[in-house]
Amino acid sequence: MVAVVPNAIDAIGLSKRYGARWACRDVRLVVKRGEIFGFLGPNGAGKSTVVKILLGLIHPTAGTARLLGVSYRERAVHAKIGYLPELFRYPPWLTVTEVLRYHRTLSGRAPSGEALSRVIEQVGLRGREAVRVKSLSKGLQQRLGLAVALVGEPELVFLDEPTSAMDPLGRHEVGQLLRDLRAAGTTIFLNSHLLSDLEGLCDRVALIRQGRLLYTGRLDDALGKQASYRIGVAGMTGECLQSLAVQGIPAWVEGEQLMVASERAGLPRVHQVLTSHGVEVFEVIPERETLEDWFIQRVGPEPEQGVP
Amino acid sequence: MIAIARITILEALRRKVLLSAVLMTGAFLALYGFFVSHQAMTTPSGLPTMMREVADLDLGSLFCYFMIAFFAIFSVSGSVSAEIESGILASVLPRPVRRRDVVVGKWLGFALVQVIYVSLVLAALMLIVGAYDPLPGAAHLFSVWACFVLEAWGLSAVTLLGSVLLPTLANGIGLALWYFITFLSGSYAQLPFSQSAAMRQVEFLVALCLPSDGLFRRAVYELASGSLTAVPLNLLGPFGVQQVPSWGYVAYAAGYVPVMLALAVWAFSRRDV
């Protein structure tokens, strides 16, 4: 008999109403174990409300959820969860090590020096262990927030805009850290506006707008299969274009480049036609809808009314 | 709970809450010491000396009463609300920590710091008075200490409840005003012309809502009766004791603390963060 591993998150009908306004309504989410799940939406869409309900910070008007197979109301399951809030603040009078020791204790684990040292290394705070929080830059405080989220060795991590205060190098390092965590089996629930970061990172995404889920699925499915390529060529001829057309491959020239409407599987055939006509190929650039294009297309301008 | 209490104590020390309170208290004690020594040197012996001692103790305990209240109210007023506003609690509450542990842990931390503060202030006061006059017995002194500790604990518990329900500034100002209303009501009750049944009932209700003033009156009674029982306490006017709060009332004040804490826990468990 095969044991069924419960999903990391199973949320059903999550709703929160403030007076006449719904912050989120009937949100249904499934996040599988070991995936990086991107939660997208414009400002005020209800992303943080959903996360806060799952973490027990906000009481939902309706709906329920299971985290790692256990009701989100069970405090015990929170020992396996890490969280970096969007507004990351830690007691400014504490040092880096003291903050981490405090949070590791709160997560129910012994504050061993080895565990603290490991997480300090992971987020790049080595050498700043004795520095007080108030003396850290915003970017370093966000790294500390990441360390706080990871210090309890969580199985599920909620990260709300984890790189918003970081420079490009920091964002790159965090991206690599998240990939490493995923490889180690940690599930990551990621809220971010930095869509370019999410694009190369997330296995699946959900899009929320005005408190309602518009899309949940794989990122590849959301962006569609590769449809066209921009090919840098030299020695392009009319005969070559004609040959491509005969092969059923739509192609046209844009300046010094050849545009080819083809899926990835058709590329060897394109290459064969080009070389048979003596055309030299320098580069092949995929032309695809970016996550940002997809996001803007679906979110569009905000209607003025709240969720009906 | 212990981790939260520990961090609360650390906060009081690192943010110099206790230090600034001790420094300002020291400034008062210097002035008070000068006043007491001056009185001792200029007052002839006999009954006026007894009056002087009671007046010194009354002034000292009044000072303790105010300082302890300010310390309790203003150190606790933002303990929950400010951490919600700043976002600090947003990273604590998703941990496997019950909200009850956060409220009670914070109160425990403050309670311990307040015990230290009350003990230091009372010890300094007694050293000053004791340099010139005999002090009340140990049992009376312990009763005074207990009354002031209970004052601090009750105020911090009700301020913690306010911190769950209100923004920091509104809570601090509201509690300070409420505290002064209770003091004024208690002071008015000591005046000979305020003994009607209706006024007694109002004063009683006010004293039930916040038992700080009643504890102060009991402390004054313990100080005076322990040293000079012959001096009528009503001679001290609004700062004296017309009717001594009973031990039953002190027990009520002790029960007030867990009730306020329970209300704070209940309110916090229902609050969105």
# chains A, B, ... in the order shown; residues from 1 in each chain; ligands from 1
call {"tool": "select_by_dssp", "arguments": {"residues": "segment 110-271 of chain A", "states": "strand (DSSP E)", "output": "PyMOL selection string"}}
result
chain A and resi 156-160+187-191+204-209+212-218+228-234+251-254+257-261
call {"tool": "residues_around", "arguments": {"residues": "Phe268 of chain B", "least_positions_apart": "5", "cutoff": "8 Å", "atoms": "only C-alpha atoms", "output": "PyMOL selection string"}}
result
chain B and resi 99-100+103+164-165
call {"tool": "write_last_selection", "arguments": {"atoms": "N, CA, C and O atoms", "output": "PDB file, in the first residue's frame"}}
result
ATOM      1  N   ARG B  99      -1.838  32.607  21.131  1.00  0.00           N
ATOM      2  CA  ARG B  99      -1.930  34.047  21.402  1.00  0.00           C
ATOM      3  C   ARG B  99      -1.956  34.304  22.910  1.00  0.00           C
ATOM      4  O   ARG B  99      -1.490  35.336  23.369  1.00  0.00           O
ATOM      5  N   ARG B 100      -2.516  33.349  23.630  1.00  0.00           N
ATOM      6  CA  ARG B 100      -2.518  33.440  25.099  1.00  0.00           C
ATOM      7  C   ARG B 100      -1.086  33.563  25.629  1.00  0.00           C
ATOM      8  O   ARG B 100      -0.798  34.352  26.527  1.00  0.00           O
ATOM      9  N   VAL B 103       0.287  37.144  25.156  1.00  0.00           N
ATOM     10  CA  VAL B 103      -0.239  38.128  26.114  1.00  0.00           C
ATOM     11  C   VAL B 103       0.321  37.866  27.513  1.00  0.00           C
ATOM     12  O   VAL B 103       0.862  38.775  28.159  1.00  0.00           O
ATOM     13  N   VAL B 164      -4.357  45.670  23.258  1.00  0.00           N
ATOM     14  CA  VAL B 164      -4.945  44.730  22.285  1.00  0.00           C
ATOM     15  C   VAL B 164      -6.073  45.418  21.515  1.00  0.00           C
ATOM     16  O   VAL B 164      -6.272  45.164  20.330  1.00  0.00           O
ATOM     17  N   LEU B 165      -6.782  46.320  22.209  1.00  0.00           N
ATOM     18  CA  LEU B 165      -7.987  46.897  21.622  1.00  0.00           C
ATOM     19  C   LEU B 165      -7.752  48.237  20.919  1.00  0.00           C
ATOM     20  O   LEU B 165      -8.481  48.588  19.992  1.00  0.00           O
TER      21      LEU B 165
END
call {"tool": "residues_around", "arguments": {"residues": "Ser37 of chain B", "least_positions_apart": "2", "cutoff": "9 Å", "atoms": "only C-alpha atoms", "output": "list of chain:residue names"}}
result
B:Tyr32, B:Gly33, B:Phe34, B:Phe35, B:Gln39, B:Ala40, B:Met41, B:Thr42, B:Ile128, B:Val129, B:Ala131, B:Tyr132
call {"tool": "interface_residues", "arguments": {"of": "chain A", "to": "chain B", "cutoff": "10 Å", "atoms": "only C-alpha atoms", "output": "JSON, numbers by chain"}}
result
{"A": [52, 53, 54, 55, 56, 57, 58, 59, 60, 74, 75, 76, 77, 78, 79, 80, 81, 82, 83, 84, 85, 86, 87, 88, 89, 90, 91, 92, 93, 94, 98, 99, 101, 102, 103, 104, 105, 106, 107, 108, 145, 148, 149, 152]}
call {"tool": "select_by_dssp", "arguments": {"residues": "segment 20-137 of chain B", "states": "alpha helix (DSSP H)", "output": "JSON, numbers by chain"}}
result
{"B": [20, 21, 22, 23, 24, 25, 26, 27, 28, 29, 30, 31, 32, 33, 34, 35, 36, 37, 38, 39, 40, 41, 42, 47, 48, 49, 50, 51, 52, 53, 54, 55, 56, 57, 58, 59, 60, 61, 62, 63, 64, 65, 66, 67, 68, 69, 70, 71, 72, 73, 74, 75, 76, 81, 82, 83, 84, 85, 86, 88, 89, 90, 91, 92, 99, 100, 101, 102, 103, 104, 105, 106, 107, 108, 109, 110, 111, 112, 113, 114, 115, 116, 117, 118, 119, 120, 121, 122, 123, 124, 125, 126, 127, 128, 129, 130]}
call {"tool": "residues_around", "arguments": {"residues": "Pro168 of chain A", "least_positions_apart": "5", "cutoff": "12 Å", "atoms": "only C-alpha atoms", "output": "number ranges by chain"}}
result
A: 139, 163, 173-175, 194, 196-197
call {"tool": "atom_distance", "arguments": {"atom1": "atom CA of Arg212 of chain A", "atom2": "atom CA of Ser164 of chain A"}}
result
24.4 Å
call {"tool": "residues_around", "arguments": {"residues": "Glu203 of chain B", "least_positions_apart": "3", "cutoff": "7 Å", "atoms": "only C-alpha atoms", "output": "PyMOL selection string"}}
result
chain B and resi 185-186+189+199-200+206-207
call {"tool": "write_last_selection", "arguments": {"atoms": "all heavy atoms", "output": "tab-separated table (two decimals), in the first residue's frame"}}
result
chain	number	residue	atom	x	y	z
B	185	SER	N	-11.31	60.58	42.29
B	185	SER	CA	-12.47	60.02	42.97
B	185	SER	C	-12.09	59.55	44.38
B	185	SER	O	-12.80	59.84	45.35
B	185	SER	CB	-13.02	58.86	42.15
B	185	SER	OG	-13.98	58.15	42.88
B	186	GLY	N	-10.94	58.87	44.46
B	186	GLY	CA	-10.48	58.39	45.76
B	186	GLY	C	-10.11	59.52	46.70
B	186	GLY	O	-10.38	59.47	47.90
B	189	ALA	N	-13.18	61.22	48.03
B	189	ALA	CA	-13.85	60.40	49.06
B	189	ALA	C	-13.27	60.62	50.46
B	189	ALA	O	-13.91	60.28	51.46
B	189	ALA	CB	-13.73	58.92	48.68
B	199	MET	N	-22.69	59.42	46.56
B	199	MET	CA	-21.28	59.63	46.23
B	199	MET	C	-20.45	58.41	46.60
B	199	MET	O	-19.54	58.02	45.87
B	199	MET	CB	-20.76	60.87	46.95
B	199	MET	CG	-21.34	62.14	46.35
B	199	MET	SD	-20.58	63.61	47.00
B	199	MET	CE	-19.09	63.67	46.08
B	200	ARG	N	-20.78	57.82	47.70
B	200	ARG	CA	-20.07	56.60	48.13
B	200	ARG	C	-20.19	55.51	47.06
B	200	ARG	O	-19.22	54.81	46.76
B	200	ARG	CB	-20.64	56.09	49.45
B	200	ARG	CG	-20.15	56.85	50.65
B	200	ARG	CD	-19.06	56.02	51.36
B	200	ARG	NE	-18.32	56.87	52.27
B	200	ARG	CZ	-17.07	57.25	52.09
B	200	ARG	NH1	-16.39	56.86	51.05
B	200	ARG	NH2	-16.45	58.00	52.96
B	206	VAL	N	-16.12	53.33	40.86
B	206	VAL	CA	-14.86	53.75	40.23
B	206	VAL	C	-13.70	52.92	40.77
B	206	VAL	O	-12.83	52.46	40.02
B	206	VAL	CB	-14.61	55.27	40.48
B	206	VAL	CG1	-13.21	55.67	40.01
B	206	VAL	CG2	-15.65	56.09	39.73
B	207	ALA	N	-13.72	52.69	42.09
B	207	ALA	CA	-12.65	51.90	42.72
B	207	ALA	C	-12.66	50.45	42.26
B	207	ALA	O	-11.62	49.79	42.25
B	207	ALA	CB	-12.78	51.97	44.23
call {"tool": "residues_around", "arguments": {"residues": "Val299 of chain A", "least_positions_apart": "2", "cutoff": "12 Å", "atoms": "only C-alpha atoms", "output": "list in words"}}
result
Leu40, Gly41, Pro42, Asn43, Ala45, Leu207, Ile208, Arg209, Gln210, Arg212, Leu213, Leu214, Tyr215, Leu291, Glu292, Asp293, Trp294, Phe295, Ile296, Gln297, Pro301, Glu302 and Pro303 of chain A
call {"tool": "write_last_selection", "arguments": {"atoms": "C-alpha atoms", "output": "short mmCIF file (atom, residue, chain, number, x, y, z; two decimals), in the first residue's frame"}}
result
data_model
loop_
_atom_site.label_atom_id
_atom_site.label_comp_id
_atom_site.auth_asym_id
_atom_site.auth_seq_id
_atom_site.Cartn_x
_atom_site.Cartn_y
_atom_site.Cartn_z
CA LEU A 40 0.40 36.81 -8.39
CA GLY A 41 -1.92 39.75 -8.43
CA PRO A 42 -1.98 43.52 -8.51
CA ASN A 43 -1.82 45.60 -5.33
CA ALA A 45 -5.88 41.92 -5.00
CA LEU A 207 -3.42 34.80 -10.40
CA ILE A 208 -5.77 36.65 -8.10
CA ARG A 209 -7.60 39.85 -8.87
CA GLN A 210 -10.09 41.69 -6.70
CA ARG A 212 -11.02 36.10 -6.82
CA LEU A 213 -8.74 33.54 -8.42
CA LEU A 214 -8.50 34.00 -12.17
CA TYR A 215 -6.02 31.25 -12.96
CA LEU A 291 4.95 36.42 -17.50
CA GLU A 292 4.67 40.19 -17.42
CA ASP A 293 2.83 40.23 -20.78
CA TRP A 294 0.55 37.47 -19.50
CA PHE A 295 -0.05 39.26 -16.21
CA ILE A 296 -0.85 42.62 -17.80
CA GLN A 297 -3.09 41.02 -20.39
CA PRO A 301 -6.97 48.10 -15.81
CA GLU A 302 -8.68 47.75 -12.44
CA PRO A 303 -12.49 47.98 -12.40
#
call {"tool": "residues_around", "arguments": {"residues": "Gln176 of chain A", "least_positions_apart": "5", "cutoff": "12 Å", "atoms": "only C-alpha atoms", "output": "list in words"}}
result
Gln122, Val123, Leu169, Gly170, Arg171, Leu181, Arg182, Ala183, Asp197, Gly200 and Leu201 of chain A
call {"tool": "write_last_selection", "arguments": {"atoms": "N, CA and C atoms", "output": "short mmCIF file (atom, residue, chain, number, x, y, z; two decimals), in the first residue's frame"}}
result
data_model
loop_
_atom_site.label_atom_id
_atom_site.label_comp_id
_atom_site.auth_asym_id
_atom_site.auth_seq_id
_atom_site.Cartn_x
_atom_site.Cartn_y
_atom_site.Cartn_z
N GLN A 122 23.39 30.47 4.89
CA GLN A 122 22.46 30.33 3.75
C GLN A 122 22.03 31.68 3.19
N VAL A 123 21.76 32.64 4.08
CA VAL A 123 21.21 33.92 3.61
C VAL A 123 22.28 34.99 3.44
N LEU A 169 22.17 41.37 -7.23
CA LEU A 169 22.97 40.24 -6.75
C LEU A 169 22.21 39.48 -5.67
N GLY A 170 21.61 40.24 -4.75
CA GLY A 170 20.82 39.63 -3.67
C GLY A 170 19.66 38.84 -4.23
N ARG A 171 19.01 39.40 -5.25
CA ARG A 171 17.86 38.69 -5.86
C ARG A 171 18.32 37.39 -6.50
N LEU A 181 16.34 25.03 -1.85
CA LEU A 181 15.32 24.58 -0.89
C LEU A 181 14.34 23.62 -1.55
N ARG A 182 13.94 23.98 -2.77
CA ARG A 182 13.03 23.10 -3.50
C ARG A 182 13.68 21.74 -3.73
N ALA A 183 14.95 21.76 -4.10
CA ALA A 183 15.66 20.49 -4.33
C ALA A 183 15.71 19.65 -3.06
N ASP A 197 11.56 37.55 -11.85
CA ASP A 197 12.15 36.60 -10.91
C ASP A 197 11.31 35.33 -10.84
N GLY A 200 11.41 32.43 -13.92
CA GLY A 200 12.38 31.35 -14.02
C GLY A 200 12.36 30.43 -12.82
N LEU A 201 11.45 30.67 -11.89
CA LEU A 201 11.52 30.00 -10.60
C LEU A 201 10.32 29.09 -10.31
#
call {"tool": "closest_residue", "arguments": {"among": "A:Gly69, A:Gln142, A:Thr64, A:Ala20", "to": "Val4 of chain A", "atoms": "only C-alpha atoms"}}
result
A:Gly69
call {"tool": "atom_distance", "arguments": {"atom1": "atom CA of Val54 of chain B", "atom2": "atom CA of Gly137 of chain B"}}
result
14.4 Å
call {"tool": "closest_residue", "arguments": {"among": "B:Ser119, B:Ser225, B:Trp178, B:Ala5", "to": "Val102 of chain B", "atoms": "only C-alpha atoms"}}
result
B:Ala5
call {"tool": "closest_residue", "arguments": {"among": "A:Ala110, A:Val50, A:Met166, A:Ala251", "to": "Val27 of chain A", "atoms": "only C-alpha atoms"}}
result
A:Val50
call {"tool": "closest_residue", "arguments": {"among": "B:Ala170, B:Cys147, B:Leu223, B:Ala197", "to": "Ile68 of chain B", "atoms": "only C-alpha atoms"}}
result
B:Cys147
call {"tool": "atom_distance", "arguments": {"atom1": "atom CA of Leu241 of chain A", "atom2": "atom CA of Glu254 of chain A"}}
result
12.5 Å
